[in-house]
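Next comes protein-v7.pdb, a file with PDB, C-alpha atoms and all ligand atoms.
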ATOM      1  CA  MET A 558      67.781  85.523  90.806  1.00  0.00           C
ATOM      2  CA  ASP A 559      65.911  87.060  87.923  1.00  0.00           C
ATOM      3  CA  ILE A 560      67.225  90.597  88.297  1.00  0.00           C
ATOM      4  CA  LYS A 561      65.134  92.037  85.484  1.00  0.00           C
ATOM      5  CA  ALA A 562      61.933  90.533  86.895  1.00  0.00           C
ATOM      6  CA  ASN A 563      62.798  91.788  90.384  1.00  0.00           C
ATOM      7  CA  LEU A 564      63.336  95.294  89.059  1.00  0.00           C
ATOM      8  CA  GLU A 565      60.037  95.266  87.217  1.00  0.00           C
ATOM      9  CA  ALA A 566      58.194  93.986  90.273  1.00  0.00           C
ATOM     10  CA  ILE A 567      59.758  96.662  92.491  1.00  0.00           C
ATOM     11  CA  LYS A 568      59.006  99.474  90.039  1.00  0.00           C
ATOM     12  CA  LYS A 569      55.379  98.373  89.934  1.00  0.00           C
ATOM     13  CA  THR A 570      55.038  98.871  93.671  1.00  0.00           C
ATOM     14  CA  PHE A 571      56.472 102.403  93.606  1.00  0.00           C
ATOM     15  CA  ILE A 572      54.084 104.985  95.009  1.00  0.00           C
ATOM     16  CA  ASN A 573      56.089 107.780  93.415  1.00  0.00           C
ATOM     17  CA  GLN A 574      57.235 106.940  89.895  1.00  0.00           C
ATOM     18  CA  HIS A 575      59.651 109.894  89.993  1.00  0.00           C
ATOM     19  CA  CYS A 576      61.518 108.435  92.958  1.00  0.00           C
ATOM     20  CA  ARG A 577      64.981 107.417  91.788  1.00  0.00           C
ATOM     21  CA  LEU A 578      65.990 103.814  92.253  1.00  0.00           C
ATOM     22  CA  ILE A 579      69.609 103.241  93.262  1.00  0.00           C
ATOM     23  CA  ALA A 580      70.521  99.601  92.721  1.00  0.00           C
ATOM     24  CA  VAL A 581      72.738  98.645  95.643  1.00  0.00           C
ATOM     25  CA  SER A 582      75.202  96.190  94.134  1.00  0.00           C
ATOM     26  CA  LYS A 583      77.688  95.884  97.023  1.00  0.00           C
ATOM     27  CA  THR A 584      79.305  92.428  97.252  1.00  0.00           C
ATOM     28  CA  LYS A 585      77.638  91.394  93.984  1.00  0.00           C
ATOM     29  CA  PRO A 586      79.616  90.264  90.913  1.00  0.00           C
ATOM     30  CA  LEU A 587      79.910  92.385  87.766  1.00  0.00           C
ATOM     31  CA  SER A 588      77.663  89.962  85.898  1.00  0.00           C
ATOM     32  CA  ASP A 589      74.805  91.010  88.191  1.00  0.00           C
ATOM     33  CA  LEU A 590      75.499  94.702  87.592  1.00  0.00           C
ATOM     34  CA  LYS A 591      75.529  94.094  83.836  1.00  0.00           C
ATOM     35  CA  GLU A 592      72.182  92.348  84.040  1.00  0.00           C
ATOM     36  CA  ALA A 593      70.704  95.296  85.915  1.00  0.00           C
ATOM     37  CA  TYR A 594      72.294  97.670  83.404  1.00  0.00           C
ATOM     38  CA  ALA A 595      70.723  95.733  80.533  1.00  0.00           C
ATOM     39  CA  ALA A 596      67.377  96.096  82.317  1.00  0.00           C
ATOM     40  CA  GLY A 597      67.826  99.876  82.246  1.00  0.00           C
ATOM     41  CA  ILE A 598      69.497 100.664  85.566  1.00  0.00           C
ATOM     42  CA  ARG A 599      72.070 103.463  85.469  1.00  0.00           C
ATOM     43  CA  ASP A 600      72.369 104.292  89.178  1.00  0.00           C
ATOM     44  CA  PHE A 601      74.464 101.869  91.210  1.00  0.00           C
ATOM     45  CA  GLY A 602      75.221 102.103  94.918  1.00  0.00           C
ATOM     46  CA  GLU A 603      78.315 100.710  96.606  1.00  0.00           C
ATOM     47  CA  ASN A 604      79.557 101.054 100.172  1.00  0.00           C
ATOM     48  CA  LYS A 605      83.267 100.310  99.824  1.00  0.00           C
ATOM     49  CA  VAL A 606      85.825 102.501  98.089  1.00  0.00           C
ATOM     50  CA  GLN A 607      87.866  99.533  96.922  1.00  0.00           C
ATOM     51  CA  GLU A 608      84.875  97.859  95.344  1.00  0.00           C
ATOM     52  CA  LEU A 609      83.873 101.085  93.604  1.00  0.00           C
ATOM     53  CA  GLN A 610      87.379 101.445  92.223  1.00  0.00           C
ATOM     54  CA  ALA A 611      87.303  97.887  90.905  1.00  0.00           C
ATOM     55  CA  LYS A 612      83.837  98.006  89.344  1.00  0.00           C
ATOM     56  CA  HIS A 613      83.888 101.518  87.895  1.00  0.00           C
ATOM     57  CA  PRO A 614      86.254 100.820  84.968  1.00  0.00           C
ATOM     58  CA  GLU A 615      84.390  97.624  84.086  1.00  0.00           C
ATOM     59  CA  MET A 616      81.020  99.270  83.536  1.00  0.00           C
ATOM     60  CA  PRO A 617      79.813 101.640  80.777  1.00  0.00           C
ATOM     61  CA  ASP A 618      80.571 105.350  81.107  1.00  0.00           C
ATOM     62  CA  ASP A 619      76.964 106.395  81.579  1.00  0.00           C
ATOM     63  CA  VAL A 620      76.694 104.590  84.928  1.00  0.00           C
ATOM     64  CA  ARG A 621      76.138 106.967  87.854  1.00  0.00           C
ATOM     65  CA  TRP A 622      78.056 105.709  90.863  1.00  0.00           C
ATOM     66  CA  HIS A 623      76.687 106.374  94.338  1.00  0.00           C
ATOM     67  CA  MET A 624      78.800 106.007  97.461  1.00  0.00           C
ATOM     68  CA  ILE A 625      76.262 104.997 100.092  1.00  0.00           C
ATOM     69  CA  GLY A 626      78.484 103.707 102.884  1.00  0.00           C
ATOM     70  CA  HIS A 627      80.590 105.269 105.564  1.00  0.00           C
ATOM     71  CA  LEU A 628      83.442 107.110 103.880  1.00  0.00           C
ATOM     72  CA  GLN A 629      86.801 107.798 105.489  1.00  0.00           C
ATOM     73  CA  SER A 630      88.428 111.111 104.646  1.00  0.00           C
ATOM     74  CA  ASN A 631      91.675 109.508 103.551  1.00  0.00           C
ATOM     75  CA  LYS A 632      89.854 107.500 100.860  1.00  0.00           C
ATOM     76  CA  VAL A 633      87.944 110.327  99.192  1.00  0.00           C
ATOM     77  CA  LYS A 634      90.722 110.865  96.661  1.00  0.00           C
ATOM     78  CA  HIS A 635      90.156 107.435  95.114  1.00  0.00           C
ATOM     79  CA  ILE A 636      86.557 108.115  94.104  1.00  0.00           C
ATOM     80  CA  ALA A 637      86.669 111.897  93.618  1.00  0.00           C
ATOM     81  CA  PRO A 638      87.369 111.699  89.855  1.00  0.00           C
ATOM     82  CA  PHE A 639      84.190 109.804  88.988  1.00  0.00           C
ATOM     83  CA  ILE A 640      81.689 109.613  91.856  1.00  0.00           C
ATOM     84  CA  HIS A 641      78.199 110.904  91.000  1.00  0.00           C
ATOM     85  CA  LEU A 642      76.811 111.339  94.510  1.00  0.00           C
ATOM     86  CA  ILE A 643      78.183 110.696  97.998  1.00  0.00           C
ATOM     87  CA  HIS A 644      75.235 109.884 100.281  1.00  0.00           C
ATOM     88  CA  GLY A 645      76.961 109.394 103.599  1.00  0.00           C
ATOM     89  CA  VAL A 646      78.619 112.706 104.468  1.00  0.00           C
ATOM     90  CA  ASP A 647      78.505 112.723 108.245  1.00  0.00           C
ATOM     91  CA  SER A 648      81.070 115.316 109.321  1.00  0.00           C
ATOM     92  CA  PHE A 649      82.362 118.744 108.354  1.00  0.00           C
ATOM     93  CA  LYS A 650      85.829 117.239 108.168  1.00  0.00           C
ATOM     94  CA  LEU A 651      84.712 114.784 105.492  1.00  0.00           C
ATOM     95  CA  LEU A 652      82.874 117.513 103.591  1.00  0.00           C
ATOM     96  CA  ARG A 653      86.010 119.683 103.581  1.00  0.00           C
ATOM     97  CA  GLU A 654      88.077 116.792 102.244  1.00  0.00           C
ATOM     98  CA  ILE A 655      85.529 116.132  99.474  1.00  0.00           C
ATOM     99  CA  ASN A 656      85.706 119.836  98.624  1.00  0.00           C
ATOM    100  CA  LYS A 657      89.499 119.664  98.472  1.00  0.00           C
ATOM    101  CA  GLN A 658      89.457 116.609  96.211  1.00  0.00           C
ATOM    102  CA  GLY A 659      86.767 118.197  94.057  1.00  0.00           C
ATOM    103  CA  LYS A 660      89.037 121.188  93.517  1.00  0.00           C
ATOM    104  CA  LYS A 661      91.979 118.932  92.652  1.00  0.00           C
ATOM    105  CA  ASN A 662      89.888 117.150  90.053  1.00  0.00           C
ATOM    106  CA  GLY A 663      88.272 120.269  88.639  1.00  0.00           C
ATOM    107  CA  ARG A 664      84.859 119.028  89.725  1.00  0.00           C
ATOM    108  CA  THR A 665      81.979 120.035  91.921  1.00  0.00           C
ATOM    109  CA  ILE A 666      81.079 116.899  93.835  1.00  0.00           C
ATOM    110  CA  SER A 667      77.471 116.331  94.816  1.00  0.00           C
ATOM    111  CA  VAL A 668      76.776 115.065  98.312  1.00  0.00           C
ATOM    112  CA  LEU A 669      73.980 114.347 100.744  1.00  0.00           C
ATOM    113  CA  LEU A 670      74.324 114.983 104.461  1.00  0.00           C
ATOM    114  CA  GLN A 671      73.658 111.846 106.441  1.00  0.00           C
ATOM    115  CA  ILE A 672      71.460 112.523 109.451  1.00  0.00           C
ATOM    116  CA  HIS A 673      71.316 110.226 112.444  1.00  0.00           C
ATOM    117  CA  ILE A 674      67.606 109.388 112.694  1.00  0.00           C
ATOM    118  CA  ALA A 675      67.714 105.830 114.040  1.00  0.00           C
ATOM    119  CA  HIS A 676      67.488 104.749 117.656  1.00  0.00           C
ATOM    120  CA  GLU A 677      70.643 102.755 117.106  1.00  0.00           C
ATOM    121  CA  GLU A 678      74.081 103.918 118.087  1.00  0.00           C
ATOM    122  CA  SER A 679      75.621 101.884 115.287  1.00  0.00           C
ATOM    123  CA  LYS A 680      74.318 104.164 112.566  1.00  0.00           C
ATOM    124  CA  PHE A 681      76.331 107.123 111.348  1.00  0.00           C
ATOM    125  CA  GLY A 682      75.214 110.672 110.747  1.00  0.00           C
ATOM    126  CA  PHE A 683      75.095 114.258 111.939  1.00  0.00           C
ATOM    127  CA  ASP A 684      73.021 115.059 114.950  1.00  0.00           C
ATOM    128  CA  ARG A 685      71.255 118.375 115.193  1.00  0.00           C
ATOM    129  CA  ASN A 686      74.041 120.187 117.056  1.00  0.00           C
ATOM    130  CA  GLU A 687      76.775 119.043 114.717  1.00  0.00           C
ATOM    131  CA  LEU A 688      74.733 120.236 111.760  1.00  0.00           C
ATOM    132  CA  GLU A 689      74.174 123.685 113.284  1.00  0.00           C
ATOM    133  CA  GLU A 690      77.836 123.970 114.165  1.00  0.00           C
ATOM    134  CA  MET A 691      78.818 123.275 110.589  1.00  0.00           C
ATOM    135  CA  PHE A 692      76.318 125.744 109.129  1.00  0.00           C
ATOM    136  CA  ALA A 693      77.556 128.401 111.573  1.00  0.00           C
ATOM    137  CA  SER A 694      81.227 127.832 110.853  1.00  0.00           C
ATOM    138  CA  PRO A 695      82.961 130.713 109.047  1.00  0.00           C
ATOM    139  CA  ASP A 696      84.594 128.112 106.799  1.00  0.00           C
ATOM    140  CA  PHE A 697      81.301 126.669 105.631  1.00  0.00           C
ATOM    141  CA  PRO A 698      80.398 129.333 103.019  1.00  0.00           C
ATOM    142  CA  LEU A 699      83.893 129.007 101.524  1.00  0.00           C
ATOM    143  CA  LEU A 700      83.300 125.529 100.126  1.00  0.00           C
ATOM    144  CA  GLY A 701      83.443 125.949  96.358  1.00  0.00           C
ATOM    145  CA  ASN A 702      83.658 122.418  95.018  1.00  0.00           C
ATOM    146  CA  VAL A 703      80.785 120.603  96.690  1.00  0.00           C
ATOM    147  CA  ARG A 704      77.065 120.761  96.114  1.00  0.00           C
ATOM    148  CA  ILE A 705      74.861 119.697  99.010  1.00  0.00           C
ATOM    149  CA  GLN A 706      71.839 118.190  97.283  1.00  0.00           C
ATOM    150  CA  GLY A 707      69.890 116.992 100.253  1.00  0.00           C
ATOM    151  CA  LEU A 708      69.777 114.556 103.131  1.00  0.00           C
ATOM    152  CA  MET A 709      70.182 110.831 103.649  1.00  0.00           C
ATOM    153  CA  GLY A 710      69.103 108.684 106.544  1.00  0.00           C
ATOM    154  CA  MET A 711      68.724 105.100 107.656  1.00  0.00           C
ATOM    155  CA  ALA A 712      65.854 104.035 109.853  1.00  0.00           C
ATOM    156  CA  THR A 713      66.225 101.660 112.761  1.00  0.00           C
ATOM    157  CA  PHE A 714      66.289  98.003 111.739  1.00  0.00           C
ATOM    158  CA  THR A 715      62.999  96.967 113.323  1.00  0.00           C
ATOM    159  CA  TYR A 716      59.644  95.422 112.485  1.00  0.00           C
ATOM    160  CA  ASP A 717      57.961  98.374 114.192  1.00  0.00           C
ATOM    161  CA  THR A 718      56.862 100.159 111.029  1.00  0.00           C
ATOM    162  CA  GLU A 719      55.473 103.105 112.981  1.00  0.00           C
ATOM    163  CA  GLN A 720      58.894 103.776 114.419  1.00  0.00           C
ATOM    164  CA  VAL A 721      60.428 103.596 110.950  1.00  0.00           C
ATOM    165  CA  ARG A 722      57.772 106.006 109.705  1.00  0.00           C
ATOM    166  CA  ARG A 723      58.463 108.447 112.546  1.00  0.00           C
ATOM    167  CA  GLU A 724      62.170 108.419 111.772  1.00  0.00           C
ATOM    168  CA  PHE A 725      61.525 109.116 108.085  1.00  0.00           C
ATOM    169  CA  LYS A 726      59.157 111.939 109.042  1.00  0.00           C
ATOM    170  CA  THR A 727      61.910 113.451 111.175  1.00  0.00           C
ATOM    171  CA  LEU A 728      64.227 113.440 108.182  1.00  0.00           C
ATOM    172  CA  LYS A 729      61.604 114.938 105.885  1.00  0.00           C
ATOM    173  CA  ASN A 730      60.835 117.709 108.394  1.00  0.00           C
ATOM    174  CA  LEU A 731      64.497 118.556 108.749  1.00  0.00           C
ATOM    175  CA  PHE A 732      64.821 118.583 104.954  1.00  0.00           C
ATOM    176  CA  GLU A 733      61.994 121.118 104.607  1.00  0.00           C
ATOM    177  CA  GLU A 734      63.405 123.243 107.392  1.00  0.00           C
ATOM    178  CA  ILE A 735      66.867 123.421 105.835  1.00  0.00           C
ATOM    179  CA  LYS A 736      65.355 124.060 102.427  1.00  0.00           C
ATOM    180  CA  ASN A 737      63.619 127.141 103.794  1.00  0.00           C
ATOM    181  CA  ARG A 738      66.704 128.562 105.420  1.00  0.00           C
ATOM    182  CA  LYS A 739      69.116 131.098 104.047  1.00  0.00           C
ATOM    183  CA  LEU A 740      72.250 129.091 103.365  1.00  0.00           C
ATOM    184  CA  PRO A 741      75.037 129.434 100.794  1.00  0.00           C
ATOM    185  CA  GLY A 742      74.114 128.792  97.157  1.00  0.00           C
ATOM    186  CA  PHE A 743      75.813 125.419  97.034  1.00  0.00           C
ATOM    187  CA  VAL A 744      73.165 124.084  99.403  1.00  0.00           C
ATOM    188  CA  GLN A 745      70.436 123.029  96.966  1.00  0.00           C
ATOM    189  CA  MET A 746      67.993 120.821  98.784  1.00  0.00           C
ATOM    190  CA  GLU A 747      66.501 118.503  96.168  1.00  0.00           C
ATOM    191  CA  HIS A 748      66.837 114.965  97.419  1.00  0.00           C
ATOM    192  CA  ILE A 749      65.947 112.828 100.388  1.00  0.00           C
ATOM    193  CA  SER A 750      67.690 109.478 100.148  1.00  0.00           C
ATOM    194  CA  MET A 751      65.724 107.162 102.394  1.00  0.00           C
ATOM    195  CA  GLY A 752      64.361 103.666 102.048  1.00  0.00           C
ATOM    196  CA  MET A 753      65.910 100.235 101.473  1.00  0.00           C
ATOM    197  CA  SER A 754      64.492  96.833 100.463  1.00  0.00           C
ATOM    198  CA  GLY A 755      62.511  96.470 103.675  1.00  0.00           C
ATOM    199  CA  ASP A 756      61.150  99.980 104.083  1.00  0.00           C
ATOM    200  CA  TYR A 757      61.164 101.772 100.736  1.00  0.00           C
ATOM    201  CA  LEU A 758      57.370 101.967 100.508  1.00  0.00           C
ATOM    202  CA  ILE A 759      57.096 103.702 103.883  1.00  0.00           C
ATOM    203  CA  ALA A 760      59.946 105.966 102.790  1.00  0.00           C
ATOM    204  CA  GLN A 761      58.127 106.898  99.595  1.00  0.00           C
ATOM    205  CA  GLU A 762      54.967 107.622 101.540  1.00  0.00           C
ATOM    206  CA  GLU A 763      57.030 109.972 103.683  1.00  0.00           C
ATOM    207  CA  GLY A 764      58.557 111.839 100.754  1.00  0.00           C
ATOM    208  CA  SER A 765      61.676 109.972  99.699  1.00  0.00           C
ATOM    209  CA  THR A 766      63.102 110.981  96.313  1.00  0.00           C
ATOM    210  CA  MET A 767      65.776 108.261  96.190  1.00  0.00           C
ATOM    211  CA  VAL A 768      65.570 104.706  97.441  1.00  0.00           C
ATOM    212  CA  ARG A 769      68.613 102.466  97.840  1.00  0.00           C
ATOM    213  CA  ILE A 770      67.570  98.903  97.115  1.00  0.00           C
ATOM    214  CA  GLY A 771      69.909  95.919  97.215  1.00  0.00           C
ATOM    215  CA  SER A 772      68.655  92.522  98.306  1.00  0.00           C
ATOM    216  CA  ALA A 773      65.197  92.879  96.744  1.00  0.00           C
ATOM    217  CA  ILE A 774      66.938  93.215  93.360  1.00  0.00           C
ATOM    218  CA  PHE A 775      70.035  91.055  93.662  1.00  0.00           C
ATOM    219  CA  GLY A 776      69.116  88.628  96.440  1.00  0.00           C
ATOM    220  CA  GLY A 777      70.604  88.335  99.906  1.00  0.00           C
ATOM    221  CA  ARG A 778      74.239  88.975 100.734  1.00  0.00           C
ATOM    222  CA  SER A 779      76.338  86.502 102.647  1.00  0.00           C
TER     223      SER A 779
HETATM  224  C1  LIG B   1      73.277  97.798 101.973  1.00  0.00           C
HETATM  225  C2  LIG B   1      72.651  99.137 102.009  1.00  0.00           C
HETATM  226  C3  LIG B   1      71.410  99.375 101.394  1.00  0.00           C
HETATM  227  C4  LIG B   1      70.599  98.312 100.713  1.00  0.00           C
HETATM  228  O1  LIG B   1      70.087  97.393 101.636  1.00  0.00           O
HETATM  229  P1  LIG B   1      69.005  96.280 101.225  1.00  0.00           P
HETATM  230  O2  LIG B   1      68.323  95.972 102.490  1.00  0.00           O
HETATM  231  O3  LIG B   1      69.779  95.137 100.664  1.00  0.00           O
HETATM  232  O4  LIG B   1      68.104  96.884 100.209  1.00  0.00           O
HETATM  233  C5  LIG B   1      70.911 100.668 101.430  1.00  0.00           C
HETATM  234  N1  LIG B   1      71.586 101.669 102.036  1.00  0.00           N
HETATM  235  C6  LIG B   1      72.767 101.482 102.633  1.00  0.00           C
HETATM  236  C7  LIG B   1      73.446 102.629 103.275  1.00  0.00           C
HETATM  237  C8  LIG B   1      73.337 100.209 102.646  1.00  0.00           C
HETATM  238  O5  LIG B   1      74.516 100.025 103.255  1.00  0.00           O
END
Go ahead and render the structure in this file as structure tokens.
Ligand SMILES: *Cc1c(COP(=O)(O)O)cnc(C)c1O
Amino acid sequence: MDIKANLEAIKKTFINQHCRLIAVSKTKPLSDLKEAYAAGIRDFGENKVQELQAKHPEMPDDVRWHMIGHLQSNKVKHIAPFIHLIHGVDSFKLLREINKQGKKNGRTISVLLQIHIAHEESKFGFDRNELEEMFASPDFPLLGNVRIQGLMGMATFTYDTEQVRREFKTLKNLFEEIKNRKLPGFVQMEHISMGMSGDYLIAQEEGSTMVRIGSAIFGGRS
């Protein structure tokens, strides 16, 4: 795998040059991360707390670590001191725990709310009702150590590109709707994290501001 060449090739295809590229390095060895770092990458995405904990001290301080996987509340404390952005916040309970750990660490932790947009049960995320319930909760405005920076979603794993596009449109529409609502000041809708190796171009066409790309950079995972 020529990681540098892959990165250059991917960047060339970008429709939006301002879209942030998160290099998804899960399961990959540190040597691969260092190669990507040398090629200019500073945003790395991982989906396991343990792997984040192991890789974080081995990489330079200016790396921005993104937690992109499903996160269990009892593991938040391990990444709270250093995590740059948690993409997969899918419950109020998890958000409250992140807030608590943010307070403990004297930090405001940035998060994205994961929205269930796929026609697959296996994927995580808030549905519409859960989101409204959280926004309406009297506890919601009290969160002082989180910053909600936007939404994240994963499309259905399918070759039907029109379905993928529809799901991304749903996320974008919801993003705009929330952005235009009166919500507490820590809700600052700036980012839509959508798009992976197989669908990042559709995602960019539909307004993605962050794509999470793994295999197209680092090769397949076993
Ligand atoms: C693994 C993963 C990716 C990257 O997938 P690729 O198809 O390898 O680009 C993106 N987002 C999430 C949430 C992932 O778990």
Please identify all polymer residues within 8 Å of A:Met751, counting only C-alpha atoms, omitting same-chain residues fewer than 2 positions from it, and present them as a list in words.
Met709, Gly710, Met711, Phe725, Ile749, Met753, Tyr757, Ala760, Ser765, Thr766, Met767, Val768 and Arg769 of chain A
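On the file presented, the PyMOL selection byres (((chain A and resi 565) around 12) and not hetatm) picks out A:Asp559, A:Ile560, A:Lys561, A:Ala562, A:Asn563, A:Leu564, A:Ala566, A:Ile567, A:Lys568, A:Lys569, A:Thr570, A:Phe571, A:Leu578, A:Ala593, A:Ala596, A:Gly597, A:Ile598, A:Ala773, A:Ile774.
Reported to one decimal place, the separation of atom CA of A:Ser667 from atom CA of A:Gly742 is 13.1 Å.
Coordinates place atom CA of A:Ile636 at a distance of 10.1 Å from atom CA of A:Gly659.
Atom CA of A:His641 to atom CA of A:Arg599 spans 11.1 Å [interatomic distance, one decimal].
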Give me, as a PyMOL selection string, the set of residues whose atoms come within 10 Å of any atom of ligand LIG 1 (chain B), counting all atoms listed in the file.
chain A and resi 579-584+602-605+624-627+644-645+671+680-681+709-712+714+750-757+768-778
Centre and edge lengths, as JSON, for the axis-aligned box enclosing every listed atom of stretch 571-582 of chain A with 5 Å of padding on each of the six sides, in Å to one decimal?
{"center_x": 64.6, "center_y": 103.0, "center_z": 92.8, "size_x": 31.1, "size_y": 23.7, "size_z": 15.7}
Write out as a PyMOL selection string the residues lying within 12 Å of A:Leu708, counting all atoms listed in the file and excluding same-chain residues fewer than 3 positions away.
chain A and resi 625+642-647+667-674+682-683+688+704-705+711+725+727-736+744-751+764-767
Using the chain letters and numbers from the file, give me the residues hit by the PyMOL selection byres (((chain A and resi 610) around 12) and not hetatm), as an MDAnalysis selection string.
chainID A and resid 603:609 611:616 622:624 632:640
Writer output for current selection, C-alpha atoms, as a PDB file, in the frame of the given file:
ATOM      1  CA  GLU A 603      78.315 100.710  96.606  1.00  0.00           C
ATOM      2  CA  ASN A 604      79.557 101.054 100.172  1.00  0.00           C
ATOM      3  CA  LYS A 605      83.267 100.310  99.824  1.00  0.00           C
ATOM      4  CA  VAL A 606      85.825 102.501  98.089  1.00  0.00           C
ATOM      5  CA  GLN A 607      87.866  99.533  96.922  1.00  0.00           C
ATOM      6  CA  GLU A 608      84.875  97.859  95.344  1.00  0.00           C
ATOM      7  CA  LEU A 609      83.873 101.085  93.604  1.00  0.00           C
ATOM      8  CA  ALA A 611      87.303  97.887  90.905  1.00  0.00           C
ATOM      9  CA  LYS A 612      83.837  98.006  89.344  1.00  0.00           C
ATOM     10  CA  HIS A 613      83.888 101.518  87.895  1.00  0.00           C
ATOM     11  CA  PRO A 614      86.254 100.820  84.968  1.00  0.00           C
ATOM     12  CA  GLU A 615      84.390  97.624  84.086  1.00  0.00           C
ATOM     13  CA  MET A 616      81.020  99.270  83.536  1.00  0.00           C
ATOM     14  CA  TRP A 622      78.056 105.709  90.863  1.00  0.00           C
ATOM     15  CA  HIS A 623      76.687 106.374  94.338  1.00  0.00           C
ATOM     16  CA  MET A 624      78.800 106.007  97.461  1.00  0.00           C
ATOM     17  CA  LYS A 632      89.854 107.500 100.860  1.00  0.00           C
ATOM     18  CA  VAL A 633      87.944 110.327  99.192  1.00  0.00           C
ATOM     19  CA  LYS A 634      90.722 110.865  96.661  1.00  0.00           C
ATOM     20  CA  HIS A 635      90.156 107.435  95.114  1.00  0.00           C
ATOM     21  CA  ILE A 636      86.557 108.115  94.104  1.00  0.00           C
ATOM     22  CA  ALA A 637      86.669 111.897  93.618  1.00  0.00           C
ATOM     23  CA  PRO A 638      87.369 111.699  89.855  1.00  0.00           C
ATOM     24  CA  PHE A 639      84.190 109.804  88.988  1.00  0.00           C
ATOM     25  CA  ILE A 640      81.689 109.613  91.856  1.00  0.00           C
TER      26      ILE A 640
END
Considering only C-alpha atoms, return as a PyMOL selection string whatever protein or nucleic-acid residues lie within 12 Å of A:Asp696, sequence-local ones (same chain, fewer than 6 positions apart) excluded.
chain A and resi 649-650+652-653+656+690+741
For A:Thr718, find every residue with an atom within 9 Å (counting all atoms listed in the file), except residues of its own chain fewer than 4 positions away, and show them as a PyMOL selection string.
chain A and resi 722-723+756+759
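Residues lying within 12 Å of (84.9, 123.4, 91.2). Counted over only C-alpha atoms, they are Ala637, Ile655, Asn656, Lys657, Gln658, Gly659, Lys660, Lys661, Asn662, Gly663, Arg664, Thr665, Ile666, Ser667, Leu699, Leu700, Gly701, Asn702, Val703, Arg704 and Phe743 of chain A.
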